[in-house]
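Text of the file target_37.cif, holding mmCIF, C-alpha atoms and all ligand atoms:
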data_input
loop_
_atom_site.label_atom_id
_atom_site.label_comp_id
_atom_site.auth_asym_id
_atom_site.auth_seq_id
_atom_site.Cartn_x
_atom_site.Cartn_y
_atom_site.Cartn_z
CA MET A 7 36.89 -78.79 22.61
CA LYS A 8 38.78 -76.29 24.78
CA GLU A 9 42.18 -77.70 23.68
CA ASN A 10 41.46 -76.59 20.10
CA LYS A 11 40.77 -73.00 20.98
CA VAL A 12 43.28 -70.38 19.87
CA LYS A 13 44.73 -68.73 22.98
CA PHE A 14 45.05 -64.93 23.06
CA ILE A 15 46.42 -62.22 25.27
CA VAL A 16 45.46 -58.57 24.73
CA ILE A 17 48.16 -55.94 25.26
CA GLY A 18 46.70 -52.48 25.98
CA PHE A 19 43.16 -52.29 27.36
CA GLY A 20 42.02 -48.92 25.99
CA HIS A 21 39.26 -48.22 23.48
CA ILE A 22 40.14 -50.93 20.99
CA GLY A 23 41.84 -53.36 23.41
CA ALA A 24 38.61 -53.69 25.40
CA ARG A 25 36.80 -54.47 22.14
CA HIS A 26 39.40 -57.11 21.22
CA ALA A 27 38.96 -58.74 24.64
CA GLU A 28 35.18 -58.76 24.25
CA LEU A 29 35.31 -60.29 20.76
CA ILE A 30 37.85 -62.94 21.76
CA GLN A 31 35.56 -63.96 24.63
CA GLN A 32 32.56 -64.08 22.28
CA ASN A 33 34.32 -66.29 19.69
CA LEU A 34 33.80 -69.98 20.52
CA ASN A 35 37.14 -70.86 18.90
CA CYS A 36 39.12 -68.35 20.97
CA GLU A 37 40.23 -68.22 24.58
CA LEU A 38 41.40 -65.07 26.37
CA LEU A 39 44.22 -65.86 28.79
CA GLY A 40 44.53 -62.32 30.13
CA VAL A 41 45.38 -58.69 29.53
CA VAL A 42 48.62 -56.69 29.83
CA GLU A 43 47.78 -53.11 30.80
CA LEU A 44 49.80 -50.45 32.65
CA GLU A 45 46.78 -48.92 34.34
CA ASN A 46 44.25 -50.39 36.75
CA LYS A 47 41.34 -50.42 34.33
CA VAL A 48 40.95 -54.14 33.62
CA PRO A 49 37.72 -55.74 34.94
CA GLU A 50 38.22 -58.11 37.88
CA ASN A 51 36.98 -61.15 35.97
CA LEU A 52 39.98 -60.94 33.61
CA LYS A 53 43.55 -61.98 34.44
CA HIS A 54 45.57 -58.75 34.52
CA TRP A 55 49.35 -58.36 34.23
CA LEU A 56 50.92 -54.93 34.72
CA SER A 57 53.90 -55.73 32.49
CA LEU A 58 54.82 -57.92 29.53
CA GLU A 59 57.55 -59.59 31.63
CA ASP A 60 54.98 -60.71 34.24
CA CYS A 61 52.78 -62.05 31.46
CA PHE A 62 55.63 -63.97 29.77
CA LYS A 63 56.63 -65.51 33.13
CA ALA A 64 53.06 -66.55 33.91
CA LEU A 65 52.55 -68.21 30.51
CA ILE A 66 55.93 -69.91 30.14
CA MET A 67 54.50 -73.40 30.70
CA ILE A 68 51.92 -73.13 27.90
CA SER A 69 53.30 -75.07 24.97
CA GLU A 70 50.83 -74.11 22.20
CA PRO A 71 51.48 -70.81 20.42
CA ILE A 72 49.61 -67.85 21.87
CA VAL A 73 48.41 -64.88 19.82
CA ALA A 74 49.32 -61.49 21.30
CA SER A 75 46.80 -58.88 20.24
CA ILE A 76 48.64 -55.56 20.29
CA CYS A 77 46.35 -52.61 21.02
CA LEU A 78 48.94 -50.08 22.20
CA PRO A 79 49.77 -46.57 20.97
CA ASN A 80 51.14 -46.81 17.40
CA GLY A 81 54.75 -46.02 18.30
CA LEU A 82 54.93 -49.07 20.62
CA HIS A 83 53.61 -51.63 18.12
CA ALA A 84 56.92 -52.70 16.57
CA GLN A 85 58.98 -52.98 19.76
CA VAL A 86 56.27 -54.89 21.71
CA ALA A 87 55.47 -57.16 18.73
CA ILE A 88 59.17 -58.08 18.46
CA GLU A 89 59.27 -58.98 22.18
CA CYS A 90 56.18 -61.18 21.72
CA LEU A 91 57.62 -62.90 18.61
CA LYS A 92 60.84 -63.62 20.52
CA ASN A 93 58.67 -65.23 23.20
CA ARG A 94 57.22 -67.54 20.54
CA MET A 95 53.88 -65.77 20.22
CA HIS A 96 52.07 -64.94 16.98
CA VAL A 97 51.03 -61.29 16.83
CA LEU A 98 47.86 -59.51 15.73
CA ILE A 99 48.78 -55.85 15.41
CA GLU A 100 46.29 -52.99 15.37
CA LYS A 101 46.67 -50.51 12.53
CA PRO A 102 49.09 -49.01 11.65
CA MET A 103 51.47 -51.98 11.86
CA CYS A 104 54.29 -49.60 12.88
CA LEU A 105 55.51 -46.07 12.13
CA SER A 106 58.43 -46.69 9.78
CA ARG A 107 59.50 -49.01 7.00
CA ALA A 108 62.66 -49.84 8.94
CA ASP A 109 60.60 -51.03 11.96
CA GLY A 110 58.32 -53.05 9.67
CA GLU A 111 61.29 -54.81 8.09
CA ARG A 112 62.70 -55.61 11.56
CA LEU A 113 59.34 -57.11 12.54
CA ILE A 114 59.12 -59.30 9.43
CA LYS A 115 62.70 -60.52 9.90
CA CYS A 116 61.97 -61.42 13.53
CA ALA A 117 58.78 -63.33 12.62
CA LYS A 118 60.75 -65.37 10.05
CA GLU A 119 63.52 -66.07 12.56
CA PHE A 120 61.08 -67.34 15.21
CA ASP A 121 58.72 -68.97 12.70
CA ARG A 122 55.68 -67.02 13.87
CA GLN A 123 52.85 -65.20 12.03
CA ILE A 124 52.03 -61.50 11.87
CA PHE A 125 48.40 -60.48 11.33
CA VAL A 126 47.48 -56.81 10.82
CA VAL A 127 44.05 -55.40 11.66
CA LYS A 128 42.49 -53.98 8.46
CA GLN A 129 38.83 -54.55 9.27
CA ASN A 130 37.46 -52.08 6.73
CA ARG A 131 38.35 -54.55 3.97
CA TYR A 132 35.36 -56.60 5.16
CA SER A 133 32.84 -53.82 4.44
CA PRO A 134 30.52 -54.94 1.60
CA SER A 135 31.04 -51.65 -0.30
CA VAL A 136 34.83 -52.12 -0.22
CA LYS A 137 34.63 -55.77 -1.30
CA TRP A 138 32.29 -54.71 -4.12
CA MET A 139 34.75 -52.01 -5.26
CA LYS A 140 37.63 -54.51 -5.30
CA GLU A 141 35.59 -56.88 -7.45
CA MET A 142 34.57 -54.08 -9.87
CA VAL A 143 38.24 -53.25 -10.37
CA GLU A 144 39.69 -56.78 -10.44
CA THR A 145 37.11 -58.09 -12.90
CA GLU A 146 37.78 -54.97 -15.03
CA THR A 147 34.03 -54.25 -15.03
CA ILE A 148 34.94 -50.56 -14.74
CA GLY A 149 37.77 -50.93 -17.29
CA LYS A 150 41.20 -49.38 -17.03
CA ILE A 151 41.51 -47.05 -14.02
CA LEU A 152 41.91 -43.41 -15.02
CA TYR A 153 41.46 -41.53 -11.74
CA VAL A 154 40.77 -42.24 -8.06
CA GLY A 155 39.94 -39.40 -5.70
CA MET A 156 39.97 -40.24 -1.99
CA ASN A 157 38.44 -37.75 0.47
CA CYS A 158 38.64 -38.25 4.24
CA PHE A 159 36.94 -35.48 6.19
CA TRP A 160 36.64 -36.31 9.88
CA ASN A 161 36.26 -34.63 13.23
CA ARG A 162 38.97 -35.06 15.85
CA ASP A 163 38.92 -32.24 18.40
CA GLU A 164 39.91 -31.71 22.04
CA ARG A 165 37.42 -34.41 23.13
CA TYR A 166 39.63 -36.92 21.28
CA TYR A 167 43.09 -35.55 22.04
CA LYS A 168 42.51 -35.18 25.79
CA GLU A 169 41.79 -38.93 26.09
CA GLY A 170 45.35 -40.19 25.81
CA ALA A 171 48.72 -38.47 26.23
CA TRP A 172 50.07 -40.37 23.22
CA ARG A 173 47.55 -38.89 20.80
CA GLY A 174 48.89 -36.03 18.72
CA THR A 175 52.56 -36.81 19.45
CA LEU A 176 55.01 -37.53 16.66
CA GLU A 177 56.71 -40.48 18.44
CA LEU A 178 53.62 -42.44 19.54
CA ASP A 179 50.84 -41.28 17.20
CA GLY A 180 52.90 -40.45 14.09
CA GLY A 181 50.37 -38.37 12.20
CA THR A 182 46.83 -38.15 10.90
CA LEU A 183 47.49 -40.54 7.99
CA PHE A 184 48.80 -43.18 10.42
CA THR A 185 46.11 -42.92 13.09
CA GLN A 186 42.93 -41.75 11.38
CA PHE A 187 43.29 -42.67 7.72
CA SER A 188 45.66 -45.64 7.38
CA HIS A 189 42.61 -47.92 6.90
CA PHE A 190 41.70 -45.98 3.78
CA ILE A 191 45.26 -45.93 2.45
CA ASP A 192 45.19 -49.71 2.96
CA ILE A 193 42.02 -49.91 0.84
CA LEU A 194 43.59 -47.70 -1.85
CA TYR A 195 46.65 -49.98 -1.96
CA TRP A 196 44.62 -53.22 -1.67
CA VAL A 197 42.35 -52.31 -4.59
CA PHE A 198 44.52 -50.13 -6.89
CA GLY A 199 48.12 -51.06 -6.00
CA ASP A 200 51.18 -48.98 -5.24
CA ILE A 201 51.61 -45.28 -6.04
CA LYS A 202 54.52 -43.19 -7.37
CA ASN A 203 55.45 -39.57 -8.24
CA ILE A 204 53.88 -38.27 -5.03
CA GLN A 205 53.41 -34.57 -4.27
CA ALA A 206 51.99 -33.40 -0.94
CA LYS A 207 51.16 -30.32 1.08
CA PHE A 208 50.18 -30.23 4.77
CA SER A 209 48.85 -27.77 7.32
CA ASN A 210 47.68 -27.69 10.93
CA LEU A 211 44.52 -25.65 10.36
CA SER A 212 42.63 -25.94 13.63
CA HIS A 213 44.47 -28.00 16.25
CA GLY A 214 47.18 -25.57 17.41
CA THR A 215 49.42 -27.17 20.05
CA GLN A 216 47.07 -30.16 20.60
CA ILE A 217 49.00 -32.02 17.88
CA SER A 218 52.60 -31.83 16.69
CA PHE A 219 51.80 -32.62 13.05
CA GLU A 220 49.31 -31.73 10.32
CA ASP A 221 45.54 -32.06 10.61
CA THR A 222 45.06 -31.49 6.86
CA GLY A 223 46.78 -32.71 3.72
CA LEU A 224 46.50 -32.49 -0.06
CA VAL A 225 48.28 -35.37 -1.78
CA ASN A 226 48.45 -36.30 -5.47
CA PHE A 227 50.20 -39.17 -7.24
CA GLU A 228 50.17 -41.65 -10.10
CA PHE A 229 49.37 -45.35 -9.76
CA VAL A 230 52.19 -47.70 -10.74
CA LYS A 231 49.60 -49.58 -12.88
CA GLY A 232 48.52 -46.32 -14.59
CA GLY A 233 46.04 -43.56 -13.82
CA MET A 234 46.20 -40.68 -11.38
CA GLY A 235 44.91 -40.17 -7.87
CA SER A 236 44.55 -37.79 -4.98
CA ILE A 237 44.02 -37.93 -1.23
CA ASN A 238 42.42 -34.90 0.40
CA TYR A 239 42.06 -35.19 4.15
CA THR A 240 41.37 -33.24 7.30
CA THR A 241 40.37 -33.85 10.91
CA SER A 242 39.22 -30.22 11.24
CA VAL A 243 35.52 -30.87 10.51
CA TRP A 244 33.39 -29.37 13.28
CA ASP A 245 31.59 -31.70 15.73
CA LYS A 246 31.39 -35.00 13.84
CA ASN A 247 32.82 -36.96 10.90
CA LEU A 248 31.62 -35.81 7.48
CA GLU A 249 32.74 -38.56 5.10
CA SER A 250 35.42 -40.92 3.81
CA SER A 251 34.90 -41.59 0.15
CA MET A 252 36.48 -42.73 -3.08
CA ILE A 253 35.40 -41.56 -6.52
CA VAL A 254 36.65 -44.02 -9.11
CA ILE A 255 36.67 -43.13 -12.79
CA GLY A 256 37.44 -45.95 -15.20
CA GLU A 257 37.30 -46.30 -18.98
CA LYS A 258 33.89 -48.03 -18.78
CA GLY A 259 32.20 -45.96 -16.09
CA SER A 260 32.46 -44.43 -12.66
CA PHE A 261 31.29 -44.97 -9.08
CA LYS A 262 31.57 -43.46 -5.62
CA ILE A 263 31.75 -45.24 -2.30
CA GLY A 264 31.12 -43.00 0.68
CA GLY A 265 29.54 -42.65 4.09
CA GLN A 266 31.68 -41.95 7.16
CA TYR A 267 34.05 -44.85 6.50
CA MET A 268 33.48 -45.93 2.88
CA ASN A 269 30.57 -48.07 3.96
CA THR A 270 28.00 -47.02 1.34
CA ILE A 271 27.80 -47.09 -2.47
CA ASP A 272 26.62 -43.60 -3.39
CA TYR A 273 26.83 -43.67 -7.18
CA CYS A 274 27.42 -46.21 -9.92
CA HIS A 275 27.13 -45.71 -13.66
CA VAL A 276 29.02 -48.40 -15.54
CA ALA A 277 28.53 -49.75 -19.07
CA ASN A 278 26.56 -53.03 -19.28
CA TYR A 279 26.28 -53.26 -15.50
CA THR A 280 23.27 -53.20 -13.16
CA MET A 281 23.91 -52.72 -9.46
CA PRO A 282 22.84 -55.81 -7.49
CA ASP A 283 20.62 -55.25 -4.47
CA PHE A 284 22.63 -55.77 -1.30
CA GLU A 285 22.97 -54.38 2.19
CA THR A 286 26.10 -52.24 2.42
CA ASN A 287 25.74 -50.56 5.77
CA VAL A 288 28.08 -51.51 8.62
CA GLU A 289 28.08 -50.06 12.14
CA ALA A 290 31.00 -47.83 13.21
CA ASN A 291 33.19 -48.38 16.27
CA GLN A 292 31.91 -45.88 18.84
CA TYR A 293 34.27 -44.16 21.30
CA GLY A 294 32.08 -41.78 23.31
CA ALA A 295 31.87 -38.47 21.47
CA PHE A 296 33.67 -39.63 18.34
CA SER A 297 33.31 -42.58 16.01
CA GLY A 298 35.95 -44.57 14.18
CA SER A 299 36.08 -47.07 11.35
CA ALA A 300 33.86 -50.03 10.56
CA ALA A 301 33.02 -52.40 13.43
CA ASN A 302 34.16 -55.51 11.54
CA HIS A 303 36.72 -56.84 14.03
CA ASN A 304 34.81 -60.14 14.45
CA PHE A 305 35.95 -61.11 10.92
CA VAL A 306 39.57 -60.38 11.90
CA PHE A 307 39.45 -62.92 14.74
CA GLU A 308 37.75 -65.50 12.51
CA ASN A 309 40.61 -65.07 10.03
CA VAL A 310 43.29 -65.47 12.74
CA VAL A 311 41.69 -68.75 13.85
CA ASN A 312 41.22 -70.07 10.29
CA ALA A 313 44.70 -69.05 9.14
CA LEU A 314 46.38 -70.67 12.16
CA GLN A 315 44.34 -73.83 11.54
CA GLY A 316 45.41 -73.73 7.87
CA SER A 317 41.97 -73.32 6.31
CA GLU A 318 42.49 -69.85 4.79
CA PRO A 319 45.34 -67.41 4.10
CA ILE A 320 46.08 -64.44 6.37
CA ALA A 321 43.64 -61.70 5.31
CA ALA A 322 46.05 -58.79 5.92
CA ASN A 323 49.65 -59.90 6.26
CA ALA A 324 52.82 -58.15 7.37
CA ASN A 325 53.97 -57.32 3.83
CA GLU A 326 50.69 -55.51 3.19
CA GLY A 327 50.94 -53.77 6.58
CA LEU A 328 54.45 -52.70 5.60
CA MET A 329 53.31 -51.32 2.22
CA VAL A 330 50.76 -49.06 3.90
CA VAL A 331 53.43 -47.76 6.30
CA ASP A 332 55.80 -47.29 3.37
CA ILE A 333 53.24 -45.30 1.34
CA ILE A 334 52.50 -43.03 4.33
CA GLU A 335 56.23 -42.58 4.98
CA ARG A 336 56.76 -41.59 1.31
CA ILE A 337 53.88 -39.08 1.54
CA TYR A 338 55.29 -37.67 4.79
CA GLN A 339 58.66 -37.04 3.14
CA PHE A 340 57.05 -33.76 2.07
CA ARG A 341 56.59 -32.67 5.70
CA GLY A 342 58.43 -29.46 6.41
CA LEU A 343 58.97 -28.78 2.70
CA ASN A 344 55.97 -26.47 2.30
N1 LIG B 1 41.12 -50.82 13.87
C1 LIG B 1 40.51 -49.74 14.33
O1 LIG B 1 39.47 -49.33 13.83
C2 LIG B 1 41.11 -49.00 15.49
C3 LIG B 1 40.30 -48.18 16.27
C4 LIG B 1 40.88 -47.51 17.35
C5 LIG B 1 42.23 -47.65 17.60
N2 LIG B 1 43.00 -48.43 16.81
C6 LIG B 1 44.45 -48.58 17.07
O2 LIG B 1 44.57 -49.27 18.30
C7 LIG B 1 45.69 -48.77 19.05
C8 LIG B 1 45.20 -48.29 20.41
O3 LIG B 1 44.28 -47.24 20.25
P1 LIG B 1 43.22 -46.88 21.40
O4 LIG B 1 42.32 -45.86 20.82
O5 LIG B 1 42.63 -48.12 21.98
O6 LIG B 1 44.20 -46.19 22.47
P2 LIG B 1 43.96 -46.03 24.02
O7 LIG B 1 44.81 -44.90 24.49
O8 LIG B 1 42.48 -45.97 24.31
O9 LIG B 1 44.52 -47.41 24.62
C9 LIG B 1 45.89 -47.73 24.72
C10 LIG B 1 46.09 -48.49 26.03
O10 LIG B 1 47.43 -48.97 26.10
C11 LIG B 1 47.88 -48.85 27.46
N3 LIG B 1 49.34 -48.87 27.44
C12 LIG B 1 50.19 -47.92 27.00
N4 LIG B 1 51.48 -48.34 27.09
C13 LIG B 1 51.43 -49.61 27.59
C14 LIG B 1 52.42 -50.59 27.89
N5 LIG B 1 53.71 -50.37 27.69
N6 LIG B 1 52.00 -51.79 28.38
C15 LIG B 1 50.69 -52.04 28.59
N7 LIG B 1 49.71 -51.14 28.34
C16 LIG B 1 50.08 -49.95 27.83
C17 LIG B 1 47.27 -47.54 27.93
O11 LIG B 1 47.23 -47.46 29.35
C18 LIG B 1 45.89 -47.62 27.28
O12 LIG B 1 44.96 -48.26 28.14
C19 LIG B 1 46.29 -47.67 18.18
O13 LIG B 1 47.34 -48.22 17.44
C20 LIG B 1 45.17 -47.25 17.26
O14 LIG B 1 45.64 -46.76 16.02
C21 LIG B 1 42.46 -49.12 15.78
#
Mind turning the file's structure into structure tokens?
Ligand SMILES: NC(=O)c1ccc[n+]([C@@H]2O[C@H](COP(=O)([O-])OP(=O)(O)OC[C@H]3O[C@@H](n4cnc5c(N)ncnc54)[C@H](O)[C@@H]3O)[C@@H](O)[C@H]2O)c1
Amino acid sequence: MKENKVKFIVIGFGHIGARHAELIQQNLNCELLGVVELENKVPENLKHWLSLEDCFKALIMISEPIVASICLPNGLHAQVAIECLKNRMHVLIEKPMCLSRADGERLIKCAKEFDRQIFVVKQNRYSPSVKWMKEMVETETIGKILYVGMNCFWNRDERYYKEGAWRGTLELDGGTLFTQFSHFIDILYWVFGDIKNIQAKFSNLSHGTQISFEDTGLVNFEFVKGGMGSINYTTSVWDKNLESSMIVIGEKGSFKIGGQYMNTIDYCHVANYTMPDFETNVEANQYGAFSGSAANHNFVFENVVNALQGSEPIAANANEGLMVVDIIERIYQFRGLN
């Protein structure tokens, strides 16, 4: 059966790269060929290359396509993914796909040229509460959307920023919406579609020189399909994450999904609708003192395998990854204007 396994390499063996490696090894349809990592932190039982060039040289004789799982600082995603595509690999890119629309378009062009696939990690889409919300909207159970209010109130303090020199920098991190909250902007786009007529205000309330961008933002907009929305966010919450939530008000009712990463259904009052009984809770990814988004990465690897074997579509494709980057870029156009 080994011949049928999808072969992976992991590039970047930090917090999330180590998790990718673990999940690839646990999946019976996947095989981990090795890890590209600059530092000496890769366990001895894994093949370790210090550079991409060494990895490409070592794997040149393998004829089947390999999937490169890119778990590097955000600002390196596009350039490294392009090198992998040119070396005939498919790519699975951690969120955010890249830090600019221009880079995203270059990536998509390169994948077309080399006939390879781009998968983007958007694991929060697999949370039961998020899937439920999408169904409530798509089936029009909640009616026409009037208003969506997204609140993301997290803790990211010196414990987080001291862990990697790239964090908090404009070139490699890009900003709070890219690194902390792009999952939730993906959900907003995935469920409610594109936005327009954006207004935004930002401030660095509590991080001083630890970060070279905002820690807090107030954003409002209209949906292209109709209705208004807002995103209020901060990473200035003391000690631990408070919540990530969406309040949705439709013509036929309203609901709220909440918890730390939109993993619970906190309120639902909708005409002619009774909430079914189902388990919504999902564990968070834990990184020492701080916690991240939903620990649903196993579903991402299942989708990569199934999509490459032709049994299901790509769950989060490059065009969707690009739209999220584009929305954040349009919001960040207001940087420096207030
Ligand atoms: N989906 C999620 O929930 C989730 C969670 C955490 C992080 N992420 C994303 O994953 C990416 C990595 O985040 P992290 O928290 O694991 O960061 P990290 O700093 O813990 O890990 C990055 C690793 O990349 C290595 N590296 C840097 N440049 C390299 C290069 N040129 N070649 C090889 N290795 C290199 C570093 O040494 C480090 O080990 C980011 O894009 C982040 O946004 C996603």
Inset, instruction - Around the point (54.6, -40.5, 19.3), in the coordinates given by the file, pick out the residues reaching within 10 Å, counting all atoms listed in the file, and return them as a list of chain:residue names. - result: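 Answer for this query, in the requested form: A:Pro79, A:Asn80, A:Gly81, A:Leu82, A:Leu105, A:Ala171, A:Trp172, A:Arg173, A:Gly174, A:Thr175, A:Leu176, A:Glu177, A:Leu178, A:Asp179, A:Gly180, A:Gly181, A:Ser218.
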Inset, instruction - Find the spatial neighbours of A:Ile191, counting all atoms listed in the file, within a cut-off of 10 Å - ignore same-chain residues fewer than 6 positions away - and output them as a ChimeraX atom specification. - result: /A:156,183-184,197,237,329-331,333-334
Could you build a table of the residues in chain A lying no more than 7 Å from ligand LIG 1 (chain B), giving for each the nearest pair of atoms and their separation in Å rounded to one decimal place, using only C-alpha atoms and all ligand atoms, ordered by chain and ascending residue number, as CSV?
residue,atom,partner,partner_atom,distance
A:Ile17,CA,B:LIG1,C15,5.7
A:Gly18,CA,B:LIG1,O10,3.6
A:Phe19,CA,B:LIG1,O12,4.5
A:Gly20,CA,B:LIG1,O9,3.2
A:His21,CA,B:LIG1,O5,3.7
A:Ile22,CA,B:LIG1,O5,3.9
A:Gly23,CA,B:LIG1,O5,5.5
A:Val42,CA,B:LIG1,C15,5.2
A:Glu43,CA,B:LIG1,N7,3.7
A:Leu44,CA,B:LIG1,N7,4.4
A:Glu45,CA,B:LIG1,O11,5.2
A:Leu56,CA,B:LIG1,C15,6.8
A:Ser57,CA,B:LIG1,N6,6.0
A:Leu58,CA,B:LIG1,N6,6.8
A:Cys77,CA,B:LIG1,C7,4.4
A:Leu78,CA,B:LIG1,O10,4.3
A:Pro79,CA,B:LIG1,O13,4.6
A:Asn80,CA,B:LIG1,O13,4.1
A:Glu100,CA,B:LIG1,O2,5.0
A:Lys101,CA,B:LIG1,O14,5.2
A:Pro102,CA,B:LIG1,O14,6.0
A:Val127,CA,B:LIG1,N1,5.9
A:Lys128,CA,B:LIG1,N1,6.4
A:Gln129,CA,B:LIG1,N1,6.3
A:Glu169,CA,B:LIG1,O7,6.9
A:Gly170,CA,B:LIG1,O7,4.9
A:Thr185,CA,B:LIG1,O14,4.9
A:Asn291,CA,B:LIG1,O1,6.8
A:Gly298,CA,B:LIG1,O1,5.9
A:Ser299,CA,B:LIG1,O1,4.8
A:Ala300,CA,B:LIG1,O1,6.5
Inset, instruction - Dig up all the protein and nucleic acid residues within 7 Å of (33.3, -64.4, 17.4) in the file frame, using all atoms listed in the file, and format them as a PyMOL selection string. - result: chain A and resi 29-30+32-34+304+307-308
Inset, instruction - Using all atoms listed in the file, pick whichever of A:Ile124, A:Gly199, A:Ala84, A:Ile253 has the shortest atom-to-atom distance to A:Arg107. - result: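 Checking each candidate against A:Arg107, we get A:Ala84 as the closest.
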Inset, instruction - Tell me which of A:His96, A:Lys11, A:Arg336, A:His303 sits closest to A:Arg25, counting only C-alpha atoms. - result: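 Closest residue, counting only C-alpha atoms: A:His303.
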Inset, instruction - May I have the residues within 12 Å of stretch 268-272 of chain A as a ChimeraX atom specification, using only C-alpha atoms and disregarding those fewer than 4 positions away in the same chain? - result: /A:129-139,156-159,187,189-191,193-194,248-254,260-264,281-290,298-302
Inset, instruction - Could you check how far atom CA of A:Tyr279 sits from atom CA of A:Lys231, in Å to one decimal? - result: 23.8 Å
Inset, instruction - Go ahead and compute the interatomic distance for atom CA of A:Glu89 and atom CA of A:Ile15, in Å to one decimal. - result: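 Separating atom CA of A:Glu89 from atom CA of A:Ile15 is a distance of 13.6 Å.
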Inset, instruction - Measure the distance from atom CA of A:Ile337 to atom CA of A:Phe219 in Å and round it to one decimal. - result: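 Separating atom CA of A:Ile337 from atom CA of A:Phe219 is a distance of 13.4 Å.
Of the residues under consideration (A:Met234, A:Thr182, A:Leu98, A:Val86), A:Met234 shows the shortest atom-to-atom contact distance to A:Val154 when counting all atoms listed in the file.
The closest residue to A:Lys140, picked from A:Ile217, A:Gly110, A:Met103, A:Trp196 and counting all atoms listed in the file, is A:Trp196.
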Inset, instruction - Give the answer as one residue: which of A:Asp245, A:Glu257, A:Glu335, A:Glu318 has the shortest atom-to-atom distance to A:Trp160, using all atoms listed in the file? - result: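 Among the listed residues, the smallest separation from A:Trp160 belongs to A:Asp245.
The shortest atom-to-atom distance to A:Val230, with all atoms listed in the file taken into account, belongs to A:Lys202 out of A:Lys202, A:Lys13, A:Arg341, A:Arg165.
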Inset, instruction - Just the residues within 7 Å of A:Ile148, please, counting all atoms listed in the file, with nothing from its chain fewer than 4 positions along; format it as a list in words. - result: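 Answer for this query is Met142, Val143, Gly256, Glu257, Lys258, Gly259, Ser260 and Val276 of chain A.
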Inset, instruction - Write out as a list in words the residues lying within 10 Å of A:Phe340, counting all atoms listed in the file and excluding same-chain residues fewer than 3 positions away. - result: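 Those residues are Ile204, Gln205, Ala206, Lys207, Phe208, Val225, Glu335, Arg336, Ile337, Leu343 and Asn344 of chain A.
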Write out as lines of an AutoDock Vina configuration file an axis-aligned box for stretch 221-240 of chain A: all of its atoms listed in the file, 6 Å added on each side, centre and edge lengths in Å with one decimal.
center_x = 46.8
center_y = -40.5
center_z = -2.0
size_x = 22.8
size_y = 30.1
size_z = 37.2
